[in-house]
>>> print(open('query_22.txt').read())   # compact mmCIF, C-alpha atoms
# COMPACT_ATOMS: atom_id res chain seq x y z
CA MET A 15 -7.40 11.01 4.48
CA ASP A 16 -4.76 10.11 7.09
CA LYS A 17 -4.43 6.58 5.69
CA LEU A 18 -3.97 7.93 2.17
CA ASN A 19 -1.33 10.31 3.50
CA VAL A 20 0.60 7.36 4.97
CA THR A 21 0.57 5.47 1.66
CA PHE A 22 1.39 8.50 -0.46
CA THR A 23 4.23 9.56 1.86
CA MET A 24 5.63 6.01 1.89
CA VAL A 25 5.66 5.94 -1.94
CA TYR A 26 7.33 9.34 -2.21
CA TRP A 27 9.80 8.65 0.59
CA ASN A 28 11.01 5.37 -0.91
CA LEU A 29 11.17 6.78 -4.44
CA VAL A 30 12.95 10.03 -3.57
CA ASN A 31 15.01 9.02 -0.54
CA VAL A 32 15.84 5.35 -1.21
CA TYR A 33 15.74 4.81 -4.98
CA ARG A 34 16.57 8.42 -5.89
CA VAL A 35 13.87 8.66 -8.54
CA PRO A 36 12.80 12.33 -8.80
CA GLN A 37 9.12 13.04 -9.39
CA SER A 38 9.61 16.44 -11.00
CA PRO A 39 12.49 18.10 -12.86
CA ILE A 40 15.41 19.13 -10.65
CA THR A 41 17.40 22.20 -11.64
CA PRO A 42 19.97 24.36 -9.84
CA LEU A 43 17.12 26.67 -8.84
CA ALA A 44 14.53 24.03 -7.92
CA ARG A 45 14.89 20.82 -5.92
CA GLY A 46 11.74 19.20 -7.18
CA SER A 47 8.13 19.36 -6.04
CA GLY A 48 7.00 20.58 -2.64
CA MET A 49 6.60 17.03 -1.36
CA GLU A 50 10.11 16.13 -2.54
CA LYS A 51 11.53 19.18 -0.78
CA VAL A 52 9.82 18.18 2.47
CA ILE A 53 11.19 14.63 2.21
CA ARG A 54 14.73 15.68 1.29
CA SER A 55 14.84 18.24 4.08
CA PHE A 56 13.52 15.76 6.65
CA SER A 57 15.97 13.08 5.50
CA GLU A 58 18.97 15.42 5.59
CA THR A 59 18.05 17.01 8.92
CA ASN A 60 17.60 13.61 10.60
CA SER A 61 20.38 11.72 8.74
CA LEU A 62 17.93 9.19 7.27
CA ALA A 63 19.22 8.91 3.70
CA LEU A 64 18.56 5.52 2.01
CA ILE A 65 16.50 4.22 4.96
CA PRO A 66 13.18 2.69 3.76
CA PHE A 67 9.98 4.19 5.14
CA ASP A 68 9.09 0.92 6.85
CA SER A 69 12.38 0.97 8.79
CA LEU A 70 11.84 4.43 10.28
CA MET A 71 11.10 4.64 14.00
CA GLU A 72 7.44 5.36 14.73
CA GLU A 73 8.31 8.78 16.17
CA SER A 74 10.12 9.72 12.96
CA LYS A 75 7.18 8.52 10.85
CA MET A 76 4.74 10.64 12.84
CA LEU A 77 6.92 13.75 12.52
CA LEU A 78 7.29 13.18 8.77
CA LEU A 79 3.56 12.62 8.26
CA ARG A 80 2.74 15.86 10.06
CA GLN A 81 4.93 17.69 7.56
CA THR A 82 3.58 15.95 4.45
CA LYS A 83 -0.10 16.18 5.38
CA PRO A 84 -0.57 19.87 4.43
CA TRP A 85 0.95 19.18 1.02
CA MET A 86 -1.37 16.22 0.56
CA LYS A 87 -4.45 18.28 1.39
CA ASN A 88 -3.57 21.28 -0.74
CA TYR A 89 -1.61 19.94 -3.69
CA VAL A 90 -2.61 16.28 -4.10
CA PHE A 91 -6.28 15.85 -3.20
CA GLY A 92 -7.16 19.34 -4.37
CA ALA A 93 -5.22 19.11 -7.63
CA PHE A 94 -6.53 15.65 -8.51
CA TRP A 95 -10.07 16.71 -7.63
CA GLY A 96 -9.71 19.63 -10.03
CA ASP A 97 -8.14 17.49 -12.77
CA THR A 98 -11.11 15.10 -12.64
CA GLY A 99 -13.67 17.88 -12.54
CA GLY A 100 -14.86 16.80 -9.10
CA ASN A 101 -16.58 13.79 -10.67
CA LEU A 102 -14.39 10.97 -9.33
CA PHE A 103 -14.33 11.69 -5.59
CA GLY A 104 -15.18 14.22 -2.95
CA PHE A 105 -13.00 15.46 -0.12
CA SER A 106 -13.13 17.83 2.82
CA LYS A 107 -10.01 19.39 4.29
CA ALA A 108 -11.98 20.56 7.31
CA GLU A 109 -13.39 17.08 8.02
CA ASN A 110 -10.16 15.33 6.99
CA ARG A 111 -11.91 12.74 4.82
CA VAL A 112 -12.32 11.52 1.25
CA TRP A 113 -15.31 9.73 -0.26
CA LEU A 114 -16.38 8.05 -3.51
CA ASN A 115 -19.82 7.94 -5.03
CA GLU A 116 -21.30 4.59 -6.02
CA LYS A 117 -20.47 4.90 -9.73
CA SER A 118 -16.86 5.89 -9.05
CA PHE A 119 -16.36 3.05 -6.59
CA ARG A 120 -17.81 0.51 -9.03
CA PHE A 121 -15.69 1.82 -11.91
CA LEU A 122 -12.46 1.74 -9.89
CA SER A 123 -13.22 -1.70 -8.47
CA GLU A 124 -14.13 -3.31 -11.76
CA ASN A 125 -11.19 -1.81 -13.67
CA LYS A 126 -8.45 -1.80 -11.04
CA VAL A 127 -5.95 -3.98 -12.90
CA LEU A 128 -6.34 -2.00 -16.13
CA ILE A 129 -6.05 1.30 -14.26
CA ASP A 130 -2.91 0.02 -12.52
CA GLN A 131 -1.33 -0.90 -15.85
CA VAL A 132 -2.13 2.48 -17.41
CA ASN A 133 -0.87 4.25 -14.28
CA TYR A 134 2.45 2.39 -14.25
CA TYR A 135 2.94 3.01 -17.98
CA GLU A 136 2.35 6.76 -17.71
CA TRP A 137 4.35 6.96 -14.47
CA LEU A 138 7.25 5.14 -16.12
CA LYS A 139 7.23 7.54 -19.09
CA MET A 140 7.19 10.54 -16.76
CA CYS A 141 10.09 9.27 -14.64
CA GLU A 142 12.15 8.32 -17.69
CA GLY A 143 11.66 11.82 -19.09
CA ILE A 144 12.78 13.44 -15.83
CA LEU A 145 15.78 11.12 -15.47
CA SER A 146 16.92 11.68 -19.07
CA LYS A 147 17.09 15.43 -18.50
CA ALA A 148 18.85 14.91 -15.18
CA GLU A 149 21.37 12.59 -16.86
CA LYS A 150 20.73 10.04 -14.14
CA ARG A 151 20.08 6.32 -14.56
CA VAL A 152 17.97 4.01 -12.39
CA ASP A 153 18.22 0.32 -13.25
CA ASN A 154 14.98 -1.71 -13.47
CA LEU A 155 12.85 1.43 -13.15
CA SER A 156 9.62 -0.39 -14.06
CA ALA A 157 10.17 -2.91 -11.23
CA VAL A 158 11.00 -0.10 -8.80
CA LEU A 159 7.71 1.67 -9.55
CA GLU A 160 5.58 -1.47 -9.49
CA ASN A 161 6.95 -2.71 -6.16
CA ILE A 162 7.52 0.63 -4.45
CA THR A 163 4.75 0.14 -1.87
CA LYS A 164 5.99 -3.25 -0.69
CA ARG A 165 7.21 -3.18 2.87
CA ALA A 166 10.64 -4.43 3.85
CA ASN A 167 9.04 -6.70 6.46
CA LEU A 168 5.79 -7.28 8.31
CA ASP A 169 7.19 -7.50 11.86
CA TYR A 170 5.06 -4.58 13.02
CA PHE A 171 1.88 -6.43 12.01
CA LYS A 172 3.09 -9.70 13.52
CA GLU A 173 3.60 -7.99 16.87
CA LYS A 174 0.24 -6.25 16.69
CA LEU A 175 -1.66 -9.45 15.85
CA ASN A 176 0.10 -11.36 18.64
CA LYS A 177 -0.83 -8.63 21.13
CA LEU A 178 -4.49 -8.98 20.14
CA GLY A 179 -4.39 -12.75 20.54
CA LYS A 180 -1.55 -15.26 20.50
CA ASN A 181 -1.40 -17.00 17.12
CA GLU A 182 -0.05 -20.54 17.40
CA THR A 183 -1.65 -22.31 14.42
CA CYS A 184 -1.85 -21.73 10.67
CA PHE A 185 -5.01 -19.81 9.71
CA TYR A 186 -5.63 -22.21 6.84
CA CYS A 187 -4.51 -25.76 7.67
CA GLY A 188 -4.43 -25.51 11.47
CA LYS A 189 -0.85 -26.79 11.67
CA ARG A 190 1.05 -25.66 14.74
CA LEU A 191 3.35 -22.76 13.80
CA SER A 192 7.07 -22.70 14.45
CA ASP A 193 9.39 -19.71 14.59
CA GLY A 194 9.16 -19.56 10.80
CA ALA A 195 5.51 -18.44 10.82
CA GLN A 196 4.65 -16.08 7.98
CA LEU A 197 1.98 -13.44 7.41
CA ASP A 198 -0.34 -13.91 4.45
CA HIS A 199 -2.53 -11.34 2.69
CA VAL A 200 -5.89 -13.14 2.52
CA ILE A 201 -6.94 -10.93 -0.39
CA PRO A 202 -3.69 -10.90 -2.40
CA TRP A 203 -1.33 -7.96 -2.07
CA ASP A 204 -1.11 -7.75 -5.86
CA PHE A 205 -4.75 -6.61 -5.87
CA ILE A 206 -4.89 -4.40 -2.77
CA LYS A 207 -1.22 -3.25 -2.78
CA GLN A 208 -1.50 -2.32 0.88
CA ASP A 209 -0.71 -3.96 4.20
CA GLN A 210 -3.80 -3.87 6.42
CA LEU A 211 -4.16 -5.69 9.72
CA CYS A 212 -7.69 -6.77 8.80
CA ASN A 213 -6.33 -8.67 5.76
CA LEU A 214 -3.30 -10.35 7.37
CA VAL A 215 -3.22 -13.79 9.00
CA PHE A 216 -0.52 -16.14 10.25
CA ALA A 217 0.18 -19.02 7.90
CA CYS A 218 2.66 -21.86 7.66
CA PRO A 219 5.23 -21.57 4.83
CA SER A 220 3.53 -24.37 2.88
CA CYS A 221 0.10 -22.71 2.81
CA ASN A 222 1.54 -19.26 2.19
CA SER A 223 3.53 -20.51 -0.80
CA SER A 224 0.69 -22.62 -2.22
CA LYS A 225 -1.92 -19.87 -1.90
CA ASN A 226 0.39 -17.24 -3.42
CA ASP A 227 -1.75 -14.64 -5.24
CA LYS A 228 -5.10 -16.46 -4.99
CA ILE A 229 -8.20 -15.84 -2.87
CA PRO A 230 -9.08 -18.61 -0.41
CA SER A 231 -12.42 -20.39 -0.38
CA GLU A 232 -15.47 -18.83 1.25
CA LYS A 233 -15.07 -20.51 4.63
CA TYR A 234 -11.73 -18.74 5.17
CA LEU A 235 -13.23 -15.41 4.18
CA LYS A 236 -15.97 -15.90 6.78
CA LYS A 237 -13.31 -16.95 9.28
CA LEU A 238 -11.41 -13.73 8.59
CA ILE A 239 -14.52 -11.59 9.07
CA GLU A 240 -15.25 -13.37 12.36
CA ARG A 241 -11.62 -12.96 13.48
CA ASN A 242 -11.67 -9.22 12.82
CA ALA A 243 -14.96 -8.77 14.68
CA ARG A 244 -13.75 -10.86 17.65
CA LEU A 245 -10.46 -8.95 17.98
CA GLY A 246 -12.00 -5.55 17.32
CA ILE A 247 -9.99 -4.98 14.13
CA GLU A 248 -11.49 -2.27 11.92
CA SER A 249 -12.30 -3.86 8.58
CA PRO A 250 -13.69 -2.82 5.19
CA ASP A 251 -16.23 -4.92 3.31
CA ILE A 252 -14.12 -8.07 2.84
CA LEU A 253 -16.62 -9.81 0.56
CA GLY A 254 -17.00 -6.65 -1.50
CA LEU A 255 -13.22 -6.48 -1.99
CA VAL A 256 -13.20 -10.17 -2.96
CA ASN A 257 -15.89 -9.61 -5.58
CA ALA A 258 -13.92 -6.68 -7.01
CA ALA A 259 -10.76 -8.81 -7.09
CA LYS A 260 -12.60 -11.61 -8.91
CA LEU A 261 -13.90 -9.12 -11.47
CA ASN A 262 -10.27 -8.21 -12.09
CA GLY A 263 -9.32 -11.81 -12.78
CA VAL A 264 -7.90 -12.83 -9.40
CA VAL A 265 -8.32 -16.60 -8.95
CA ASP A 266 -10.52 -17.64 -6.03
CA GLY A 267 -11.47 -20.85 -4.28
CA TRP A 268 -8.02 -21.84 -3.01
CA HIS A 269 -7.87 -24.24 -0.08
CA PRO A 270 -4.94 -26.05 1.59
CA LYS A 271 -4.01 -29.55 0.61
CA GLU A 272 -5.40 -32.26 2.82
CA LYS A 273 -2.79 -33.60 5.20
>>> encode(input="query_22.txt", output="structure tokens")
Amino acid sequence: MDKLNVTFTMVYWNLVNVYRVPQSPITPLARGSGMEKVIRSFSETNSLALIPFDSLMEESKMLLLRQTKPWMKNYVFGAFWGDTGGNLFGFSKAENRVWLNEKSFRFLSENKVLIDQVNYYEWLKMCEGILSKAEKRVDNLSAVLENITKRANLDYFKEKLNKLGKNETCFYCGKRLSDGAQLDHVIPWDFIKQDQLCNLVFACPSCNSSKNDKIPSEKYLKKLIERNARLGIESPDILGLVNAAKLNGVVDGWHPKEK
């Protein structure tokens, strides 16, 4: 539940505080939803207007997350659970966790791309309706919503990976890395839409650009699983995620060009 709170807070923070896209009608008597009020108050109190979530100091993030967590538990998980009749997922506020049954997990995995498209379409309609009443315009609103979870940079993850073990060669081609080393999402970000240490590796610019939004061949997936186990990085079922991505049309089997 804590991880979901981080993602949800990041989305709301960037939408409300950076892009100024309200998520509920704003009137003279109401400043939006409870989550929006928390974010606006925190931003104003700490003079953090227009600063992306990823650029906040860790101390500020922790303080913000403590304030958003009660709203998540009571008005996000609980409301969505009720809207879906309790059939999609289970959650426990006391145990601070969320779980899916096998059918729900399979349905979400096999239909992720379609669900994403429907979600963005309905989200876009909702935001356009709110903005029209507020007489406010946001250029490229569809792009803002689709890319809202992207981080400004991955420096935090670079530092963390280097602390676990110095990375001097490209994960894919083995070429020695220069100062221009990049981080690559082994399972493409377009499918997961989340930055997770277990799915990030150092890559040279050539491999990172060539691989793009594809899944690498099996030997690199096994290498990633071994890397995570060796460095003690908590990891989900990598092969399970890959199978779900392939079901959603993500191209697999990529490998670097022979030098």
>>> closest_residue(input="query_22.txt", among="A:Ser146, A:Asn110, A:Glu136, A:Gln131", to="Pro39 in chain A", atoms="only C-alpha atoms")
A:Ser146
>>> residues_around(input="query_22.txt", residues="Leu168 in chain A", least_positions_apart="5", cutoff="12 Å", atoms="all atoms listed in the file", output="ChimeraX atom specification")
/A:68-69,173-175,195-199,208-211,214-216
>>> residues_near_point(input="query_22.txt", point="(12.9, 8.5, -18.9)", cutoff="12 Å", atoms="only C-alpha atoms", output="ChimeraX atom specification")
/A:35-39,135-156
>>> closest_residue(input="query_22.txt", among="A:Asn133, A:Ala259, A:Phe67, A:Ala217", to="Leu159 in chain A", atoms="all atoms listed in the file")
A:Asn133
>>> closest_atom_pairs(input="query_22.txt", of="range 196-266 of chain A", to="range 176-190 of chain A", cutoff="9 Å", atoms="all atoms listed in the file", output="tab-separated table")
residue	atom	partner	partner_atom	distance
A:Val215	CA	A:Phe185	CA	6.3
A:Phe216	CA	A:Cys184	CA	5.8
A:Ala217	CA	A:Cys184	CA	4.4
A:Cys218	CA	A:Cys184	CA	5.4
A:Cys221	CA	A:Tyr186	CA	7.0
A:Pro230	CA	A:Tyr186	CA	8.8
A:Tyr234	CA	A:Tyr186	CA	7.2
A:Lys237	CA	A:Phe185	CA	8.8
A:Leu238	CA	A:Phe185	CA	8.9
A:Leu245	CA	A:Leu178	CA	6.3
A:Gly246	CA	A:Leu178	CA	8.7
>>> residues_around(input="query_22.txt", residues="range 79-92 of chain A", least_positions_apart="3", cutoff="9 Å", atoms="all atoms listed in the file", output="PyMOL selection string")
chain A and resi 15-16+18-20+22-23+48-49+52-53+56+74-76+95-97+105-107+110+112
>>> atom_distance(input="query_22.txt", atom1="CA of Asp227 in chain A", atom2="CA of Leu29 in chain A")
25.0 Å
>>> closest_residue(input="query_22.txt", among="A:Asp130, A:Glu116, A:Asp169, A:Asp251", to="Asn213 in chain A", atoms="all atoms listed in the file")
A:Asp251
>>> decode(input="query_22.txt", residues="range 131-145 of chain A", atoms="N, CA and C atoms", output="PDB file, in the first residue's frame")
ATOM      1  N   GLN A 131      -5.681   2.649 -22.234  1.00  0.00           N
ATOM      2  CA  GLN A 131      -6.296   3.522 -23.232  1.00  0.00           C
ATOM      3  C   GLN A 131      -7.663   4.016 -22.772  1.00  0.00           C
ATOM      4  N   VAL A 132      -8.466   3.114 -22.218  1.00  0.00           N
ATOM      5  CA  VAL A 132      -9.788   3.503 -21.716  1.00  0.00           C
ATOM      6  C   VAL A 132      -9.644   4.483 -20.558  1.00  0.00           C
ATOM      7  N   ASN A 133      -8.668   4.209 -19.676  1.00  0.00           N
ATOM      8  CA  ASN A 133      -8.440   5.080 -18.527  1.00  0.00           C
ATOM      9  C   ASN A 133      -8.065   6.494 -18.962  1.00  0.00           C
ATOM     10  N   TYR A 134      -7.108   6.598 -19.902  1.00  0.00           N
ATOM     11  CA  TYR A 134      -6.685   7.916 -20.365  1.00  0.00           C
ATOM     12  C   TYR A 134      -7.830   8.663 -21.047  1.00  0.00           C
ATOM     13  N   TYR A 135      -8.655   7.929 -21.808  1.00  0.00           N
ATOM     14  CA  TYR A 135      -9.770   8.564 -22.503  1.00  0.00           C
ATOM     15  C   TYR A 135     -10.769   9.144 -21.508  1.00  0.00           C
ATOM     16  N   GLU A 136     -11.148   8.341 -20.513  1.00  0.00           N
ATOM     17  CA  GLU A 136     -12.112   8.806 -19.520  1.00  0.00           C
ATOM     18  C   GLU A 136     -11.514   9.903 -18.642  1.00  0.00           C
ATOM     19  N   TRP A 137     -10.242   9.775 -18.311  1.00  0.00           N
ATOM     20  CA  TRP A 137      -9.547  10.778 -17.504  1.00  0.00           C
ATOM     21  C   TRP A 137      -9.490  12.109 -18.252  1.00  0.00           C
ATOM     22  N   LEU A 138      -9.198  12.022 -19.557  1.00  0.00           N
ATOM     23  CA  LEU A 138      -9.122  13.219 -20.380  1.00  0.00           C
ATOM     24  C   LEU A 138     -10.481  13.927 -20.428  1.00  0.00           C
ATOM     25  N   LYS A 139     -11.553  13.175 -20.613  1.00  0.00           N
ATOM     26  CA  LYS A 139     -12.891  13.760 -20.647  1.00  0.00           C
ATOM     27  C   LYS A 139     -13.213  14.433 -19.321  1.00  0.00           C
ATOM     28  N   MET A 140     -12.867  13.777 -18.218  1.00  0.00           N
ATOM     29  CA  MET A 140     -13.142  14.349 -16.903  1.00  0.00           C
ATOM     30  C   MET A 140     -12.406  15.673 -16.706  1.00  0.00           C
ATOM     31  N   CYS A 141     -11.108  15.672 -17.025  1.00  0.00           N
ATOM     32  CA  CYS A 141     -10.296  16.882 -16.839  1.00  0.00           C
ATOM     33  C   CYS A 141     -10.761  18.017 -17.751  1.00  0.00           C
ATOM     34  N   GLU A 142     -11.116  17.678 -18.987  1.00  0.00           N
ATOM     35  CA  GLU A 142     -11.608  18.711 -19.904  1.00  0.00           C
ATOM     36  C   GLU A 142     -12.899  19.332 -19.378  1.00  0.00           C
ATOM     37  N   GLY A 143     -13.763  18.509 -18.803  1.00  0.00           N
ATOM     38  CA  GLY A 143     -15.011  19.014 -18.236  1.00  0.00           C
ATOM     39  C   GLY A 143     -14.756  19.960 -17.071  1.00  0.00           C
ATOM     40  N   ILE A 144     -13.829  19.586 -16.199  1.00  0.00           N
ATOM     41  CA  ILE A 144     -13.493  20.430 -15.045  1.00  0.00           C
ATOM     42  C   ILE A 144     -12.865  21.739 -15.509  1.00  0.00           C
ATOM     43  N   LEU A 145     -11.940  21.651 -16.463  1.00  0.00           N
ATOM     44  CA  LEU A 145     -11.239  22.846 -16.938  1.00  0.00           C
ATOM     45  C   LEU A 145     -12.181  23.798 -17.680  1.00  0.00           C
TER      46      LEU A 145
END
